[in-house]
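K.L.:
My structure file model-v3.cif, mmCIF, C-alpha atoms, is below:
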data_input
#
loop_
_atom_site.label_atom_id
_atom_site.label_comp_id
_atom_site.auth_asym_id
_atom_site.auth_seq_id
_atom_site.Cartn_x
_atom_site.Cartn_y
_atom_site.Cartn_z
CA MET A 17 -7.11 -13.49 -0.66
CA ARG A 18 -3.98 -12.48 1.27
CA ILE A 19 -1.79 -15.58 1.38
CA LEU A 20 -1.40 -16.45 -2.28
CA ILE A 21 2.26 -17.07 -3.04
CA ALA A 22 3.34 -15.36 -6.20
CA VAL A 23 4.42 -18.29 -8.32
CA ALA A 24 1.63 -17.46 -10.74
CA THR A 25 0.25 -14.25 -9.37
CA VAL A 26 1.38 -12.12 -12.27
CA ALA A 27 -0.82 -14.02 -14.66
CA ALA A 28 -3.76 -12.49 -16.46
CA CYS A 29 -5.92 -9.84 -14.83
CA ALA A 30 -8.96 -7.96 -16.03
CA CYS A 31 -6.98 -4.78 -15.50
CA GLY A 32 -4.11 -5.75 -17.80
CA PRO A 33 -3.12 -4.10 -21.07
CA ALA A 34 -5.89 -5.78 -23.04
CA SER A 35 -8.48 -4.01 -20.91
CA GLN A 36 -6.72 -0.67 -20.78
CA GLY A 37 -9.06 2.10 -21.81
CA ALA A 38 -8.27 4.17 -24.87
CA GLY A 39 -6.11 7.13 -24.01
CA ILE A 40 -5.16 5.99 -20.49
CA PRO A 41 -1.38 6.41 -20.20
CA GLU A 42 0.81 3.43 -19.42
CA TYR A 43 4.06 3.80 -17.47
CA GLY A 44 7.10 1.63 -17.01
CA TYR A 45 9.95 2.35 -14.62
CA ASP A 46 13.63 2.96 -14.12
CA VAL A 47 15.19 1.70 -10.90
CA VAL A 48 17.00 4.57 -9.17
CA HIS A 49 18.16 2.75 -6.04
CA VAL A 50 17.75 -0.64 -4.38
CA TYR A 51 17.44 -0.94 -0.60
CA PRO A 52 17.36 -4.00 1.66
CA HIS A 53 13.92 -5.17 2.82
CA ASP A 54 13.08 -7.73 5.49
CA PRO A 55 12.25 -10.94 3.56
CA GLY A 56 10.10 -12.01 6.50
CA ALA A 57 7.86 -8.94 6.24
CA TYR A 58 4.48 -9.73 4.68
CA THR A 59 4.04 -6.10 3.68
CA GLN A 60 0.52 -4.69 3.99
CA GLY A 61 1.00 -0.97 4.57
CA LEU A 62 3.89 1.38 3.76
CA PHE A 63 4.57 5.10 3.99
CA TYR A 64 7.57 7.40 4.40
CA LEU A 65 7.63 10.18 7.00
CA ASN A 66 10.39 12.31 8.49
CA GLY A 67 13.21 10.14 7.20
CA VAL A 68 11.72 6.83 8.34
CA MET A 69 9.73 4.13 6.56
CA TYR A 70 6.61 2.98 8.42
CA GLU A 71 5.49 -0.52 7.55
CA SER A 72 2.74 -2.88 8.62
CA THR A 73 2.88 -6.63 8.13
CA GLY A 74 0.16 -9.26 7.98
CA LEU A 75 -0.57 -12.92 8.67
CA ASN A 76 -2.14 -14.13 11.91
CA GLY A 77 0.50 -14.41 14.59
CA GLU A 78 3.03 -12.42 12.52
CA SER A 79 1.34 -9.03 12.13
CA SER A 80 3.18 -5.93 13.31
CA VAL A 81 3.70 -2.21 12.84
CA ARG A 82 7.26 -1.04 12.39
CA LYS A 83 9.62 1.86 11.86
CA VAL A 84 12.34 0.92 9.41
CA ARG A 85 15.59 2.60 8.41
CA LEU A 86 15.30 2.98 4.65
CA GLU A 87 19.01 2.76 3.87
CA THR A 88 19.65 -0.53 5.68
CA GLY A 89 16.25 -2.16 6.17
CA GLU A 90 16.92 -2.21 9.93
CA VAL A 91 13.78 -2.42 12.06
CA LEU A 92 14.14 0.48 14.48
CA GLN A 93 10.91 -0.05 16.38
CA LYS A 94 8.24 -2.74 16.28
CA ARG A 95 4.94 -3.54 17.92
CA ASP A 96 3.41 -6.97 17.41
CA ILE A 97 -0.34 -7.33 16.96
CA ALA A 98 -2.41 -9.94 18.83
CA GLU A 99 -2.42 -13.18 16.87
CA GLN A 100 -6.18 -13.17 16.26
CA TYR A 101 -5.75 -10.10 14.03
CA PHE A 102 -4.46 -10.04 10.46
CA GLY A 103 -2.79 -6.66 10.09
CA GLU A 104 -3.43 -4.57 7.00
CA GLY A 105 -2.91 -0.93 5.96
CA ILE A 106 -1.52 1.89 8.11
CA ILE A 107 -1.40 5.68 7.87
CA ASN A 108 -0.45 8.62 10.05
CA TRP A 109 -2.80 11.39 11.16
CA LYS A 110 -1.23 14.10 13.31
CA ASP A 111 0.34 12.30 16.29
CA ARG A 112 -1.50 9.03 15.66
CA LEU A 113 -0.82 5.90 13.66
CA LEU A 114 -3.94 4.15 12.36
CA GLU A 115 -4.04 0.47 11.42
CA ILE A 116 -6.84 -1.62 9.95
CA THR A 117 -7.26 -5.40 9.94
CA TRP A 118 -8.47 -7.80 7.28
CA LYS A 119 -11.71 -9.44 8.42
CA SER A 120 -12.08 -8.40 12.07
CA GLU A 121 -13.80 -5.07 11.26
CA ILE A 122 -11.61 -3.39 13.86
CA GLY A 123 -8.86 -0.81 13.62
CA PHE A 124 -6.21 0.26 16.10
CA ILE A 125 -4.88 3.69 17.05
CA TYR A 126 -1.29 4.07 18.27
CA ASP A 127 0.92 6.94 19.28
CA LEU A 128 2.97 7.69 16.17
CA ASN A 129 6.22 8.05 18.09
CA SER A 130 6.01 5.30 20.71
CA PHE A 131 3.45 2.89 19.16
CA ALA A 132 1.66 2.92 22.51
CA PRO A 133 -2.01 1.95 22.02
CA LYS A 134 -4.45 4.88 22.18
CA GLY A 135 -7.74 3.32 21.14
CA GLN A 136 -9.74 1.25 18.70
CA PHE A 137 -12.41 1.90 16.07
CA MET A 138 -14.86 -0.14 14.03
CA TYR A 139 -15.77 -0.21 10.34
CA PRO A 140 -17.89 -2.59 8.22
CA GLY A 141 -16.38 -5.13 5.84
CA GLU A 142 -12.79 -5.98 5.05
CA GLY A 143 -9.81 -3.66 5.55
CA TRP A 144 -7.02 -3.60 2.98
CA GLY A 145 -5.17 -0.30 2.43
CA LEU A 146 -4.99 3.22 3.91
CA THR A 147 -3.65 6.60 2.86
CA GLN A 148 -4.55 10.26 3.49
CA ASP A 149 -4.69 13.47 1.48
CA GLY A 150 -4.24 15.95 4.33
CA LYS A 151 -8.00 16.27 4.80
CA ARG A 152 -9.38 12.72 4.64
CA ILE A 153 -8.39 9.15 5.33
CA ILE A 154 -8.78 6.98 2.22
CA MET A 155 -9.38 3.24 2.57
CA SER A 156 -9.53 0.26 0.21
CA ASP A 157 -11.46 -2.91 1.00
CA GLY A 158 -10.47 -5.29 -1.82
CA THR A 159 -13.26 -4.15 -4.13
CA ALA A 160 -13.27 -1.40 -6.77
CA GLU A 161 -14.35 1.17 -4.17
CA LEU A 162 -12.35 3.73 -2.25
CA ARG A 163 -13.89 4.85 1.04
CA PHE A 164 -13.34 8.30 2.54
CA TRP A 165 -13.27 8.88 6.30
CA ASP A 166 -13.31 11.90 8.53
CA PRO A 167 -9.81 11.66 10.10
CA GLU A 168 -10.95 12.84 13.53
CA THR A 169 -14.07 10.68 13.97
CA LEU A 170 -12.98 7.86 11.60
CA ARG A 171 -16.53 7.81 10.27
CA GLU A 172 -17.15 7.18 6.59
CA THR A 173 -18.13 10.27 4.60
CA GLY A 174 -18.35 8.86 1.08
CA ARG A 175 -17.16 6.38 -1.53
CA VAL A 176 -16.08 6.35 -5.16
CA THR A 177 -15.88 3.43 -7.59
CA VAL A 178 -12.59 3.16 -9.46
CA THR A 179 -13.00 2.54 -13.19
CA ASP A 180 -10.83 1.92 -16.23
CA ASP A 181 -12.74 3.26 -19.24
CA GLY A 182 -15.99 2.52 -17.40
CA ARG A 183 -15.01 -0.92 -16.11
CA PRO A 184 -14.55 -1.35 -12.33
CA VAL A 185 -10.99 -2.04 -11.21
CA ASP A 186 -11.32 -4.70 -8.52
CA GLN A 187 -8.98 -5.77 -5.70
CA LEU A 188 -7.52 -2.36 -4.90
CA ASN A 189 -4.97 -2.94 -2.15
CA GLU A 190 -2.16 -0.83 -0.64
CA LEU A 191 -2.61 2.91 -1.26
CA GLU A 192 -0.49 6.05 -1.46
CA TRP A 193 -1.44 9.69 -2.00
CA ILE A 194 0.87 11.28 -4.57
CA LYS A 195 0.43 14.77 -6.04
CA GLY A 196 -3.36 14.74 -5.97
CA GLU A 197 -3.76 11.14 -7.11
CA VAL A 198 -4.24 7.84 -5.31
CA PHE A 199 -1.77 5.15 -6.34
CA ALA A 200 -3.13 1.65 -5.63
CA ASN A 201 -1.61 -1.79 -5.89
CA VAL A 202 -3.98 -4.15 -7.69
CA TYR A 203 -3.76 -7.42 -5.80
CA GLN A 204 -2.15 -10.39 -7.56
CA THR A 205 -0.73 -8.22 -10.35
CA ASN A 206 2.45 -6.28 -11.05
CA ARG A 207 0.40 -3.17 -11.78
CA ILE A 208 -0.37 0.03 -9.92
CA ALA A 209 -3.46 2.06 -10.75
CA ARG A 210 -3.27 5.86 -10.74
CA ILE A 211 -6.67 7.19 -9.69
CA ASP A 212 -8.42 10.55 -9.74
CA PRO A 213 -10.06 10.48 -6.28
CA ALA A 214 -12.79 12.93 -7.30
CA THR A 215 -14.17 10.74 -10.09
CA GLY A 216 -12.61 7.32 -9.53
CA LYS A 217 -11.39 7.34 -13.11
CA LEU A 218 -7.94 5.99 -13.89
CA THR A 219 -5.32 8.51 -14.93
CA GLY A 220 -2.73 5.86 -15.71
CA TRP A 221 -1.38 2.34 -15.25
CA ILE A 222 2.10 1.57 -13.93
CA ASP A 223 3.55 -1.78 -15.04
CA LEU A 224 6.26 -3.08 -12.68
CA THR A 225 6.72 -6.45 -14.35
CA GLY A 226 10.23 -7.77 -13.77
CA ILE A 227 11.23 -5.33 -11.05
CA LEU A 228 12.19 -8.12 -8.65
CA PRO A 229 14.89 -10.08 -10.52
CA PRO A 230 14.59 -13.87 -10.89
CA ALA A 231 17.70 -14.25 -8.73
CA ASP A 232 15.75 -12.77 -5.81
CA ARG A 233 12.91 -15.25 -6.20
CA PHE A 234 14.86 -18.10 -4.67
CA ARG A 235 12.41 -18.29 -1.80
CA GLN A 236 8.64 -18.06 -1.70
CA VAL A 237 8.24 -14.36 -2.32
CA ASP A 238 4.69 -13.13 -2.65
CA VAL A 239 3.05 -10.35 -4.67
CA LEU A 240 3.93 -6.75 -5.31
CA ASN A 241 2.48 -4.68 -2.44
CA GLY A 242 3.70 -1.48 -0.86
CA ILE A 243 3.95 2.06 -2.21
CA ALA A 244 5.59 4.96 -0.38
CA TYR A 245 6.35 8.51 -1.41
CA ASP A 246 8.81 11.07 -0.05
CA ALA A 247 7.14 14.35 -0.98
CA ARG A 248 10.09 16.47 0.12
CA THR A 249 12.53 14.89 -2.35
CA ASP A 250 9.99 13.49 -4.84
CA ARG A 251 11.04 9.87 -4.36
CA LEU A 252 8.75 6.91 -5.10
CA PHE A 253 9.31 3.54 -3.43
CA VAL A 254 7.78 0.12 -4.04
CA THR A 255 8.20 -3.36 -2.58
CA GLY A 256 6.29 -6.60 -2.10
CA LYS A 257 5.24 -9.20 0.44
CA LEU A 258 8.28 -11.19 1.61
CA TRP A 259 10.52 -9.37 -0.88
CA PRO A 260 14.21 -9.03 0.03
CA LYS A 261 14.43 -5.64 -1.68
CA LEU A 262 12.68 -2.26 -1.74
CA PHE A 263 13.06 -0.12 -4.87
CA GLU A 264 13.21 3.60 -5.51
CA ILE A 265 11.86 4.12 -9.02
CA LYS A 266 11.21 6.81 -11.59
CA LEU A 267 8.19 6.42 -13.86
CA VAL A 268 8.74 6.29 -17.60
CA LYS A 269 5.80 6.87 -19.91
CA LYS A 270 5.48 4.16 -22.52
CA SER A 271 5.07 5.04 -26.17
CA ALA A 272 1.63 4.50 -27.64
CA ALA A 273 1.23 1.43 -29.81
CA PRO A 274 1.32 2.23 -33.55
#
Translate this file's structure into structure tokens.

P.N.:
Amino acid sequence: MRILIAVATVAACACGPASQGAGIPEYGYDVVHVYPHDPGAYTQGLFYLNGVMYESTGLNGESSVRKVRLETGEVLQKRDIAEQYFGEGIINWKDRLLEITWKSEIGFIYDLNSFAPKGQFMYPGEGWGLTQDGKRIIMSDGTAELRFWDPETLRETGRVTVTDDGRPVDQLNELEWIKGEVFANVYQTNRIARIDPATGKLTGWIDLTGILPPADRFRQVDVLNGIAYDARTDRLFVTGKLWPKLFEIKLVKKSAAP
């Protein structure tokens, strides 16, 4: 599920244009700025806070949490995860950094500033992505469901199934909360789902096909994964696993087909 190299990962998906529900907007993109990104980072979680990019990486023996300087891609701070764990999504809550793992059903709590360990927590099933809306932690587990947690107890309080015109949207991955919506990478595609968290219904599709140029695919890059948002300046960032670049983009609504 997590180690598929992207030679053919942008092939057909049940969530592609052919399955797009009537009236669901489709967006393309304009690239505003291109930043360096560690090509050795198997990106699993990403968010922007107080001028710094926070990133988690996966793979057993290579998983870490990091603070990264956006402008240069420099890793400012890094904590490696024990090799038995496959790191997944991360999110901040107050002075804590929360991280989930793929199949271990265990999450880790760190001090947001120092990355010093502060505790652990358990949850059932797989862990994929995390975000928060200021009141709740929101988690994806590779299915069409989003889980909601109490951010203080880290106990689940509810779930919603994400649908495109009534059809479940499977393999929701890295998440970001943006202006009342959840943006979610759909694993093994170049598409991001925009989700109404109250109903699970899609409010739009974002198609990022072609954002990483062929010239940057000289090594075994993997799939699109990683969404971050700077609410203060309204900047949207995206990247992928093992990508050498991180992109600031503006969304462009596509014209409806005649």

K.L.:
Between atom CA of Gln100 of chain A and atom CA of Ile243 of chain A, what is the spacing in Å?

P.N.:
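According to the coordinates, atom CA of Ile243 of chain A and atom CA of Gln100 of chain A are separated by 26.0 Å.
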
K.L.:
For the structure provided, state which residues fall under the PyMOL selection byres ((chain A and resi 104) around 10), and present them as a PyMOL selection string.

P.N.:
chain A and resi 18+58-62+71-75+79-81+101-103+105-106+115-119+123+142-146+189-190

K.L.:
Ranking A:Ile211, A:Ile97, A:Ala160, A:Ile265 by minimum distance to Arg251 of chain A and counting all atoms listed in the file, which one comes first?

P.N.:
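The closest residue to Arg251 of chain A is A:Ile265.
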
K.L.:
For the file shown, report as a list of chain:residue names the outcome of the PyMOL selection byres ((chain A and resi 187) around 6) at residue level.

P.N.:
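Evaluating the PyMOL selection byres ((chain A and resi 187) around 6) on this file yields A:Gly158, A:Thr159, A:Asp186, A:Leu188, A:Val202, A:Tyr203.
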
K.L.:
Select, from A:Ala57, A:Leu224, A:Ile154, A:Val50, the residue with the minimum atom-to-atom distance to Val198 of chain A, counting all atoms listed in the file.

P.N.:
A:Ile154

K.L.:
Exactly which residues make up the result of the PyMOL selection byres ((chain A and resi 56) around 9) on this file, given as a PDB file with C-alpha atoms, in the frame of the given file?

P.N.:
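Output below, filename out_9.pdb:
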ATOM      1  CA  HIS A  53      13.920  -5.170   2.820  1.00  0.00           C
ATOM      2  CA  ASP A  54      13.080  -7.730   5.490  1.00  0.00           C
ATOM      3  CA  PRO A  55      12.250 -10.940   3.560  1.00  0.00           C
ATOM      4  CA  ALA A  57       7.860  -8.940   6.240  1.00  0.00           C
ATOM      5  CA  TYR A  58       4.480  -9.730   4.680  1.00  0.00           C
ATOM      6  CA  THR A  59       4.040  -6.100   3.680  1.00  0.00           C
ATOM      7  CA  LYS A 257       5.240  -9.200   0.440  1.00  0.00           C
ATOM      8  CA  LEU A 258       8.280 -11.190   1.610  1.00  0.00           C
ATOM      9  CA  TRP A 259      10.520  -9.370  -0.880  1.00  0.00           C
ATOM     10  CA  PRO A 260      14.210  -9.030   0.030  1.00  0.00           C
TER      11      PRO A 260
END

K.L.:
Have a look at A:Asp181, A:Ala231, A:Tyr51, A:Leu86 and name the one nearest to Gly216 of chain A; count only C-alpha atoms.

P.N.:
A:Asp181

K.L.:
Determine, counting only C-alpha atoms, which protein, DNA and RNA residues have an atom within 7 Å of an atom of Glu161 of chain A; residues of the same chain fewer than 3 positions away are not included. Present the result as a list in words.

P.N.:
Ser156, Arg175, Val176, Thr177 and Val178 of chain A

K.L.:
For a cutoff of 9 Å around the file-coordinate point (5.6, 3.4, -23.0), which residues qualify once you count only C-alpha atoms? I'd like the result as a list of chain:residue names.

P.N.:
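Returned residue set, sorted by chain then number, is A:Pro41, A:Glu42, A:Tyr43, A:Gly44, A:Val268, A:Lys269, A:Lys270, A:Ser271, A:Ala272, A:Ala273.
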
K.L.:
Return the single residue from A:Ile40, A:Leu65, A:Leu252, A:Leu170 that is closest to Lys217 of chain A, with distances computed using all atoms listed in the file.

P.N.:
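That would be A:Ile40, the residue with the smallest distance to Lys217 of chain A.
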
K.L.:
Quick one: pull the distance between atom CA of Ala247 of chain A and atom CA of Trp193 of chain A, Å, one decimal.

P.N.:
9.8 Å

K.L.:
Nearest residue to Gly196 of chain A out of A:Gly182, A:Gly150, A:Pro229, A:Gly67, using only C-alpha atoms?

P.N.:
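Among the listed residues, the smallest separation from Gly196 of chain A belongs to A:Gly150.
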
K.L.:
By how many Å are atom CA of Phe124 of chain A and atom CA of Gln136 of chain A apart?

P.N.:
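The value is 4.5 Å.
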
K.L.:
Identify which of the residues A:Tyr70, A:Glu172, A:Val91, A:Gly39 lies closest to Asn129 of chain A, counting all atoms listed in the file when measuring atom-to-atom distances.

P.N.:
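Residue with the minimum atom-to-atom distance to Asn129 of chain A: A:Tyr70.
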
K.L.:
With all atoms listed in the file counted, which protein, DNA or RNA residues have an atom no more than 9 Å from (-2.0, 9.8, -2.4) in the file frame? Please answer as a short mmCIF file (atom, residue, chain, number, x, y, z; two decimals) with C-alpha atoms, in the frame of the given file.

P.N.:
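Below is the file selection03.cif, written as the result:
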data_model
loop_
_atom_site.label_atom_id
_atom_site.label_comp_id
_atom_site.auth_asym_id
_atom_site.auth_seq_id
_atom_site.Cartn_x
_atom_site.Cartn_y
_atom_site.Cartn_z
CA THR A 147 -3.65 6.60 2.86
CA GLN A 148 -4.55 10.26 3.49
CA ASP A 149 -4.69 13.47 1.48
CA ILE A 154 -8.78 6.98 2.22
CA LEU A 191 -2.61 2.91 -1.26
CA GLU A 192 -0.49 6.05 -1.46
CA TRP A 193 -1.44 9.69 -2.00
CA ILE A 194 0.87 11.28 -4.57
CA LYS A 195 0.43 14.77 -6.04
CA GLY A 196 -3.36 14.74 -5.97
CA GLU A 197 -3.76 11.14 -7.11
CA VAL A 198 -4.24 7.84 -5.31
CA PHE A 199 -1.77 5.15 -6.34
CA ALA A 200 -3.13 1.65 -5.63
CA PRO A 213 -10.06 10.48 -6.28
CA TYR A 245 6.35 8.51 -1.41
#

K.L.:
If you count only C-alpha atoms, which residues fall within 12 Å of Asn66 of chain A, apart from same-chain ones fewer than 2 positions away, as a list in words?

P.N.:
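Neighbouring residues, sequence-local ones excluded: Phe63, Tyr64, Val68, Met69, Tyr70, Lys83, Val84, Arg85, Leu86, Asn108, Leu128, Asn129, Tyr245, Asp246, Ala247, Arg248 and Thr249 of chain A.
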
K.L.:
Write out as a VMD selection string the residues lying within 6 Å of Arg152 of chain A, counting all atoms listed in the file and excluding same-chain residues fewer than 5 positions away.

P.N.:
chain A and resid 165 to 167

K.L.:
What's the 8 Å shell around Glu99 of chain A, counting all atoms listed in the file, without same-chain residues fewer than 4 positions away, as a ChimeraX atom specification?

P.N.:
/A:76-79
